[in-house]
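Colleague: File name protein_28.pdb; file contents PDB, C-alpha atoms, pLDDT in the B column; full text below.
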```pdb
ATOM      1  CA  MET A   1     -23.978  46.535 -19.900  1.00 41.00           C
ATOM      2  CA  GLU A   2     -27.107  44.548 -20.726  1.00 47.00           C
ATOM      3  CA  GLU A   3     -27.363  42.478 -23.897  1.00 45.00           C
ATOM      4  CA  SER A   4     -30.747  44.069 -24.612  1.00 50.00           C
ATOM      5  CA  GLU A   5     -28.983  47.400 -25.067  1.00 89.00           C
ATOM      6  CA  ILE A   6     -27.660  46.248 -28.434  1.00 96.00           C
ATOM      7  CA  SER A   7     -29.927  47.105 -31.346  1.00 97.00           C
ATOM      8  CA  PHE A   8     -29.710  46.933 -35.114  1.00 98.00           C
ATOM      9  CA  LEU A   9     -30.305  49.709 -37.606  1.00 98.00           C
ATOM     10  CA  PRO A  10     -30.732  48.667 -41.257  1.00 98.00           C
ATOM     11  CA  LEU A  11     -27.857  49.699 -43.513  1.00 98.00           C
ATOM     12  CA  LYS A  12     -28.907  52.187 -46.202  1.00 97.00           C
ATOM     13  CA  LYS A  13     -27.359  52.063 -49.674  1.00 96.00           C
ATOM     14  CA  GLU A  14     -25.767  55.504 -49.278  1.00 97.00           C
ATOM     15  CA  GLU A  15     -24.077  54.346 -46.047  1.00 97.00           C
ATOM     16  CA  ILE A  16     -22.228  51.427 -47.680  1.00 97.00           C
ATOM     17  CA  PRO A  17     -18.954  53.328 -48.359  1.00 96.00           C
ATOM     18  CA  VAL A  18     -18.538  54.378 -44.708  1.00 96.00           C
ATOM     19  CA  PHE A  19     -19.692  50.937 -43.489  1.00 97.00           C
ATOM     20  CA  SER A  20     -17.087  49.296 -45.763  1.00 96.00           C
ATOM     21  CA  GLN A  21     -14.282  51.606 -44.664  1.00 94.00           C
ATOM     22  CA  THR A  22     -15.069  51.077 -40.978  1.00 95.00           C
ATOM     23  CA  LEU A  23     -15.166  47.295 -41.498  1.00 94.00           C
ATOM     24  CA  ARG A  24     -11.765  47.347 -43.242  1.00 92.00           C
ATOM     25  CA  GLU A  25     -10.299  49.493 -40.438  1.00 91.00           C
ATOM     26  CA  ALA A  26     -11.445  46.911 -37.887  1.00 90.00           C
ATOM     27  CA  PHE A  27      -9.928  44.049 -39.906  1.00 86.00           C
ATOM     28  CA  ALA A  28      -6.705  45.988 -40.613  1.00 84.00           C
ATOM     29  CA  VAL A  29      -5.624  45.878 -36.953  1.00 80.00           C
ATOM     30  CA  THR A  30      -4.660  42.208 -37.126  1.00 77.00           C
ATOM     31  CA  VAL A  31      -3.157  42.455 -40.612  1.00 76.00           C
ATOM     32  CA  ARG A  32      -0.911  45.273 -39.378  1.00 74.00           C
ATOM     33  CA  GLU A  33       0.031  43.337 -36.216  1.00 74.00           C
ATOM     34  CA  LYS A  34       0.740  40.047 -38.037  1.00 72.00           C
ATOM     35  CA  PHE A  35       2.201  41.231 -41.318  1.00 73.00           C
ATOM     36  CA  GLY A  36       3.351  44.812 -40.703  1.00 74.00           C
ATOM     37  CA  LYS A  37       1.413  46.321 -43.560  1.00 77.00           C
ATOM     38  CA  ASP A  38      -1.944  47.755 -44.429  1.00 73.00           C
ATOM     39  CA  GLU A  39      -3.955  45.536 -46.728  1.00 72.00           C
ATOM     40  CA  PRO A  40      -7.573  46.420 -47.496  1.00 71.00           C
ATOM     41  CA  ILE A  41      -9.427  43.263 -46.508  1.00 79.00           C
ATOM     42  CA  PRO A  42     -11.982  42.311 -47.341  1.00 85.00           C
ATOM     43  CA  SER A  43     -12.009  43.941 -50.763  1.00 85.00           C
ATOM     44  CA  GLU A  44     -14.763  46.365 -51.712  1.00 90.00           C
ATOM     45  CA  LYS A  45     -15.917  43.760 -54.252  1.00 92.00           C
ATOM     46  CA  ASP A  46     -16.258  41.109 -51.508  1.00 91.00           C
ATOM     47  CA  ILE A  47     -18.070  43.481 -49.153  1.00 95.00           C
ATOM     48  CA  LEU A  48     -20.561  44.496 -51.849  1.00 96.00           C
ATOM     49  CA  ALA A  49     -21.098  40.869 -52.892  1.00 95.00           C
ATOM     50  CA  ASN A  50     -22.071  40.019 -49.307  1.00 96.00           C
ATOM     51  CA  ILE A  51     -24.353  43.032 -48.871  1.00 97.00           C
ATOM     52  CA  GLU A  52     -26.036  42.518 -52.257  1.00 96.00           C
ATOM     53  CA  GLU A  53     -26.625  38.780 -51.779  1.00 96.00           C
ATOM     54  CA  PRO A  54     -30.431  38.293 -52.115  1.00 96.00           C
ATOM     55  CA  SER A  55     -30.733  36.616 -48.703  1.00 97.00           C
ATOM     56  CA  ALA A  56     -28.509  39.191 -46.960  1.00 98.00           C
ATOM     57  CA  GLU A  57     -29.626  41.471 -44.163  1.00 98.00           C
ATOM     58  CA  SER A  58     -27.187  44.275 -43.334  1.00 98.00           C
ATOM     59  CA  TYR A  59     -27.199  46.344 -40.143  1.00 98.00           C
ATOM     60  CA  HIS A  60     -25.318  48.853 -38.081  1.00 98.00           C
ATOM     61  CA  ILE A  61     -24.784  47.562 -34.538  1.00 98.00           C
ATOM     62  CA  VAL A  62     -25.952  50.237 -32.108  1.00 97.00           C
ATOM     63  CA  TYR A  63     -25.161  50.485 -28.417  1.00 96.00           C
ATOM     64  CA  ASP A  64     -26.092  53.337 -26.100  1.00 91.00           C
ATOM     65  CA  GLY A  65     -27.373  55.376 -29.053  1.00 91.00           C
ATOM     66  CA  LYS A  66     -24.209  55.166 -31.153  1.00 94.00           C
ATOM     67  CA  THR A  67     -23.048  52.924 -33.958  1.00 96.00           C
ATOM     68  CA  VAL A  68     -20.355  50.580 -32.648  1.00 97.00           C
ATOM     69  CA  GLY A  69     -20.078  48.098 -35.526  1.00 97.00           C
ATOM     70  CA  GLY A  70     -21.862  46.290 -38.293  1.00 98.00           C
ATOM     71  CA  VAL A  71     -23.121  42.925 -39.407  1.00 98.00           C
ATOM     72  CA  VAL A  72     -24.233  41.217 -42.600  1.00 98.00           C
ATOM     73  CA  VAL A  73     -26.069  37.918 -42.275  1.00 98.00           C
ATOM     74  CA  SER A  74     -27.579  35.649 -44.931  1.00 98.00           C
ATOM     75  CA  ILE A  75     -30.851  34.157 -43.792  1.00 98.00           C
ATOM     76  CA  ASN A  76     -32.280  31.008 -45.371  1.00 97.00           C
ATOM     77  CA  LYS A  77     -35.929  30.919 -44.338  1.00 96.00           C
ATOM     78  CA  GLU A  78     -36.380  27.388 -45.682  1.00 97.00           C
ATOM     79  CA  THR A  79     -33.428  25.501 -44.181  1.00 97.00           C
ATOM     80  CA  HIS A  80     -32.764  27.871 -41.243  1.00 98.00           C
ATOM     81  CA  ARG A  81     -29.066  27.375 -41.939  1.00 98.00           C
ATOM     82  CA  ASN A  82     -27.842  30.942 -41.701  1.00 98.00           C
ATOM     83  CA  SER A  83     -24.523  32.601 -42.338  1.00 97.00           C
ATOM     84  CA  LEU A  84     -22.675  35.326 -40.469  1.00 98.00           C
ATOM     85  CA  ASP A  85     -20.998  36.915 -43.506  1.00 97.00           C
ATOM     86  CA  LEU A  86     -19.463  40.104 -42.112  1.00 97.00           C
ATOM     87  CA  PHE A  87     -19.254  41.105 -38.470  1.00 97.00           C
ATOM     88  CA  PHE A  88     -17.166  43.842 -36.920  1.00 96.00           C
ATOM     89  CA  ILE A  89     -16.873  46.160 -33.971  1.00 96.00           C
ATOM     90  CA  LYS A  90     -15.240  49.559 -34.559  1.00 96.00           C
ATOM     91  CA  VAL A  91     -11.589  49.737 -33.500  1.00 92.00           C
ATOM     92  CA  THR A  92     -12.431  52.413 -30.896  1.00 93.00           C
ATOM     93  CA  GLU A  93     -14.936  50.020 -29.293  1.00 94.00           C
ATOM     94  CA  HIS A  94     -12.732  46.902 -29.051  1.00 91.00           C
ATOM     95  CA  THR A  95     -12.226  45.148 -25.680  1.00 90.00           C
ATOM     96  CA  LYS A  96     -15.530  46.401 -24.224  1.00 93.00           C
ATOM     97  CA  GLY A  97     -17.444  43.132 -24.609  1.00 94.00           C
ATOM     98  CA  LEU A  98     -19.603  44.543 -27.386  1.00 96.00           C
ATOM     99  CA  GLY A  99     -18.797  41.779 -29.893  1.00 96.00           C
ATOM    100  CA  TYR A 100     -20.197  39.108 -27.588  1.00 97.00           C
ATOM    101  CA  LYS A 101     -23.211  41.246 -26.649  1.00 96.00           C
ATOM    102  CA  ALA A 102     -23.881  41.866 -30.345  1.00 97.00           C
ATOM    103  CA  TRP A 103     -23.568  38.163 -31.169  1.00 98.00           C
ATOM    104  CA  LYS A 104     -26.079  37.222 -28.463  1.00 97.00           C
ATOM    105  CA  ALA A 105     -28.452  39.894 -29.832  1.00 96.00           C
ATOM    106  CA  ILE A 106     -28.053  38.396 -33.347  1.00 98.00           C
ATOM    107  CA  GLU A 107     -28.964  34.964 -31.980  1.00 98.00           C
ATOM    108  CA  ARG A 108     -32.079  36.457 -30.371  1.00 96.00           C
ATOM    109  CA  LYS A 109     -32.999  38.296 -33.587  1.00 97.00           C
ATOM    110  CA  TYR A 110     -33.028  35.009 -35.535  1.00 98.00           C
ATOM    111  CA  PRO A 111     -34.523  32.449 -33.106  1.00 98.00           C
ATOM    112  CA  ASP A 112     -35.480  30.008 -35.903  1.00 97.00           C
ATOM    113  CA  THR A 113     -31.840  29.444 -36.841  1.00 98.00           C
ATOM    114  CA  LYS A 114     -30.804  25.798 -36.658  1.00 98.00           C
ATOM    115  CA  ILE A 115     -27.165  26.290 -37.690  1.00 98.00           C
ATOM    116  CA  TRP A 116     -24.996  29.395 -37.916  1.00 98.00           C
ATOM    117  CA  GLU A 117     -21.969  29.319 -40.186  1.00 97.00           C
ATOM    118  CA  THR A 118     -19.062  31.749 -40.577  1.00 97.00           C
ATOM    119  CA  VAL A 119     -15.441  31.862 -41.733  1.00 95.00           C
ATOM    120  CA  THR A 120     -12.320  33.706 -40.631  1.00 92.00           C
ATOM    121  CA  PRO A 121      -8.722  33.845 -41.900  1.00 90.00           C
ATOM    122  CA  TYR A 122      -6.243  31.486 -40.235  1.00 89.00           C
ATOM    123  CA  PHE A 123      -4.224  34.384 -38.775  1.00 88.00           C
ATOM    124  CA  GLU A 124      -7.184  35.998 -36.974  1.00 89.00           C
ATOM    125  CA  GLU A 125      -6.454  34.456 -33.574  1.00 91.00           C
ATOM    126  CA  ARG A 126      -8.714  36.934 -31.803  1.00 90.00           C
ATOM    127  CA  ASN A 127     -11.645  35.939 -34.052  1.00 93.00           C
ATOM    128  CA  ILE A 128     -10.934  32.224 -33.641  1.00 95.00           C
ATOM    129  CA  HIS A 129     -10.907  32.642 -29.851  1.00 96.00           C
ATOM    130  CA  PHE A 130     -14.113  34.697 -30.018  1.00 97.00           C
ATOM    131  CA  TYR A 131     -16.077  32.247 -32.152  1.00 97.00           C
ATOM    132  CA  VAL A 132     -14.874  29.037 -30.483  1.00 97.00           C
ATOM    133  CA  ASN A 133     -14.336  29.973 -26.832  1.00 97.00           C
ATOM    134  CA  LYS A 134     -16.896  32.735 -26.363  1.00 96.00           C
ATOM    135  CA  CYS A 135     -19.729  32.059 -28.803  1.00 97.00           C
ATOM    136  CA  GLY A 136     -19.746  28.256 -28.962  1.00 97.00           C
ATOM    137  CA  PHE A 137     -18.881  27.688 -32.616  1.00 98.00           C
ATOM    138  CA  ARG A 138     -16.881  24.631 -33.708  1.00 98.00           C
ATOM    139  CA  ILE A 139     -14.218  24.608 -36.390  1.00 97.00           C
ATOM    140  CA  VAL A 140     -15.542  22.217 -39.041  1.00 96.00           C
ATOM    141  CA  GLU A 141     -13.256  22.835 -42.007  1.00 94.00           C
ATOM    142  CA  PHE A 142      -9.869  24.326 -42.862  1.00 92.00           C
ATOM    143  CA  PHE A 143      -9.419  25.768 -46.349  1.00 88.00           C
ATOM    144  CA  CYS A 144      -5.902  25.945 -47.774  1.00 85.00           C
ATOM    145  CA  ALA A 145      -3.994  25.165 -50.982  1.00 84.00           C
ATOM    146  CA  SER A 146      -4.574  21.419 -50.465  1.00 82.00           C
ATOM    147  CA  HIS A 147      -8.256  21.909 -49.688  1.00 84.00           C
ATOM    148  CA  PRO A 148      -9.559  25.044 -51.462  1.00 84.00           C
ATOM    149  CA  ASP A 149     -13.015  26.502 -50.998  1.00 81.00           C
ATOM    150  CA  ASN A 150     -14.384  25.874 -54.475  1.00 75.00           C
ATOM    151  CA  SER A 151     -17.712  27.445 -53.582  1.00 69.00           C
ATOM    152  CA  GLN A 152     -16.146  30.903 -53.483  1.00 55.00           C
ATOM    153  CA  GLU A 153     -15.059  32.915 -56.491  1.00 51.00           C
ATOM    154  CA  LYS A 154     -11.320  33.515 -56.310  1.00 42.00           C
ATOM    155  CA  ALA A 155     -10.334  37.086 -55.649  1.00 41.00           C
ATOM    156  CA  GLU A 156      -8.300  38.606 -58.447  1.00 40.00           C
ATOM    157  CA  GLY A 157      -4.629  37.818 -57.975  1.00 39.00           C
ATOM    158  CA  SER A 158      -5.232  35.789 -54.818  1.00 39.00           C
ATOM    159  CA  GLU A 159      -3.647  32.538 -56.010  1.00 40.00           C
ATOM    160  CA  GLY A 160      -1.604  31.228 -53.093  1.00 41.00           C
ATOM    161  CA  ASN A 161      -2.595  34.228 -51.025  1.00 44.00           C
ATOM    162  CA  ARG A 162      -3.071  33.948 -47.251  1.00 44.00           C
ATOM    163  CA  LEU A 163      -6.685  35.094 -47.787  1.00 54.00           C
ATOM    164  CA  GLU A 164      -7.408  31.644 -49.211  1.00 77.00           C
ATOM    165  CA  THR A 165      -6.353  30.023 -45.940  1.00 88.00           C
ATOM    166  CA  PHE A 166      -9.189  30.148 -43.449  1.00 90.00           C
ATOM    167  CA  PHE A 167     -11.389  28.247 -41.043  1.00 94.00           C
ATOM    168  CA  ARG A 168     -15.104  27.523 -41.441  1.00 96.00           C
ATOM    169  CA  PHE A 169     -17.114  27.429 -38.220  1.00 97.00           C
ATOM    170  CA  GLU A 170     -20.576  26.136 -37.366  1.00 98.00           C
ATOM    171  CA  LYS A 171     -22.762  26.615 -34.345  1.00 98.00           C
ATOM    172  CA  ILE A 172     -25.666  24.229 -33.925  1.00 98.00           C
ATOM    173  CA  MET A 173     -28.425  25.964 -32.046  1.00 97.00           C
TER     174      MET A 173
END
```
Show me this structure written as C-alpha cells.
Modeller:
Amino acid sequence: MEESEISFLPLKKEEIPVFSQTLREAFAVTVREKFGKDEPIPSEKDILANIEEPSAESYHIVYDGKTVGGVVVSINKETHRNSLDLFFIKVTEHTKGLGYKAWKAIERKYPDTKIWETVTPYFEERNIHFYVNKCGFRIVEFFCASHPDNSQEKAEGSEGNRLETFFRFEKIM
C-alpha cells in the first residue's frame, strides 16, 4: 500500500449526517470497550462546530476508490499553526495501516504547516499510541478538573465528565 494512494474528497453539506454517524461509530469502539456502553461522542453539535469553523477544511479519506474515513482540519494561513480537529478511519478499515497513511498524506497536503495540534480523550490509548509513537506528536498539555480547557465551550451537562479529561498534542514540522 503506497501513501500516494490516499486521496481526499471534499465533504459536501448533504453528506454531513453520514460523515458524522460514521465518525461516531469509529469513536464508539473504545467507549464500548472501556466503559461498556454506547455514548455518542463527539456530539452532533461538536462535529458541526468543527466542520463549520471558518478555517476548517473537511474531507472524506479515500483509498483504492472507496471512502475509508474522514478528516477535518483547521488551517491558519498566517501562522501556519494548524489543527487536526476530527480524524477517523471507518471501523471496518481499522488495523490496515490506513490511519498512518492518511496522516502522512495530510502532512503532504499542507506542506507550509509549522505546527500541527490535536487533542484526544485520556482513555483513547490507541489514539495516544498513534499520535505519539507513530506520527511523532508530543503530549504538551493534560486537561482535567484541576486544569480545564477554558478555550472550549463546555458541552451541556459535561461538568465532571470524562470528556473534559484529555491530552493536547503538538507536532513541530
Colleague: Once the PyMOL selection byres ((chain A and resi 91-98) around 12) has been applied to the shown file, what residues remain in the selection, as a PyMOL selection string?
Modeller: chain A and resi 1-7+21-30+61-64+66-70+87-90+99-105+126+130+134
Colleague: Could you name the residues that touch range 107-113 of chain A at 9 Å or less, counting all atoms listed in the file, but leaving out those on the same chain fewer than 5 positions away, as a list in words?
Modeller: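 Non-adjacent residues within range: Ile75, Asn76, Lys77, Thr79, His80, Arg81, Asn82, Ala102, Ile172 and Met173 of chain A.
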Colleague: Quick one: which residues end up in the PyMOL selection byres ((chain A and resi 137) around 6) for this structure, as a list in words?
Modeller: Tyr131, Val132, Cys135, Gly136, Arg138, Phe169, Glu170 and Lys171 of chain A
Colleague: Using CA of Asn50 in chain A and CA of Glu125 in chain A as the two end points, give the distance in Å to one decimal.
Modeller: 22.9 Å
Colleague: So which one's closest to Lys34 in chain A, A:Glu15, A:Glu141, A:Glu78, A:Glu124? Using all atoms listed in the file, please.
Modeller: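 Closest to Lys34 in chain A of all the choices is A:Glu124.
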Colleague: Record the distance separating CA of Val31 in chain A and CA of Cys144 in chain A, expressed in Å with one decimal.
Modeller: 18.2 Å
Colleague: Evaluate the PyMOL selection byres ((chain A and resi 122) around 10) and record the selected residues as a PyMOL selection string, following the chain and residue labels used in the document.
Modeller: chain A and resi 119-121+123-125+127-128+142-144+162-168
Colleague: Using only C-alpha atoms, which residues sit within 9 Å of Ile51 in chain A once same-chain residues fewer than 6 positions away are excluded, as number ranges by chain?
Modeller: A: 16, 57-58, 72-74, 85-86
Colleague: Could you tell me which of A:Pro148, A:Leu84, A:Ser20, A:Glu117 comes closest to Asp46 in chain A if we count all atoms listed in the file?
Modeller: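 Of A:Pro148, A:Leu84, A:Ser20, A:Glu117, the one nearest Asp46 in chain A, counting all atoms listed in the file, is A:Ser20.
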Colleague: CA of Ala56 in chain A and CA of Ser83 in chain A are how many Å apart?
Modeller: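 It comes out at 9.0 Å.
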Colleague: For range 20-28 of chain A, take all atoms listed in the file, fit an axis-aligned box around them, add 3 Å to each of the six sides, then output centre and edge lengths in Å rounded to one decimal, as AutoDock Vina command-line options.
Modeller:
```
--center_x -11.9 --center_y 47.8 --center_z -41.8 --size_x 16.4 --size_y 13.6 --size_z 13.9
```
Colleague: Using all atoms listed in the file, can you tell me which of A:Asn133, A:Lys13, A:Trp116, A:Phe19 comes closest to Ile47 in chain A?
Modeller: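 Among the listed residues, A:Phe19 lies closest to Ile47 in chain A.
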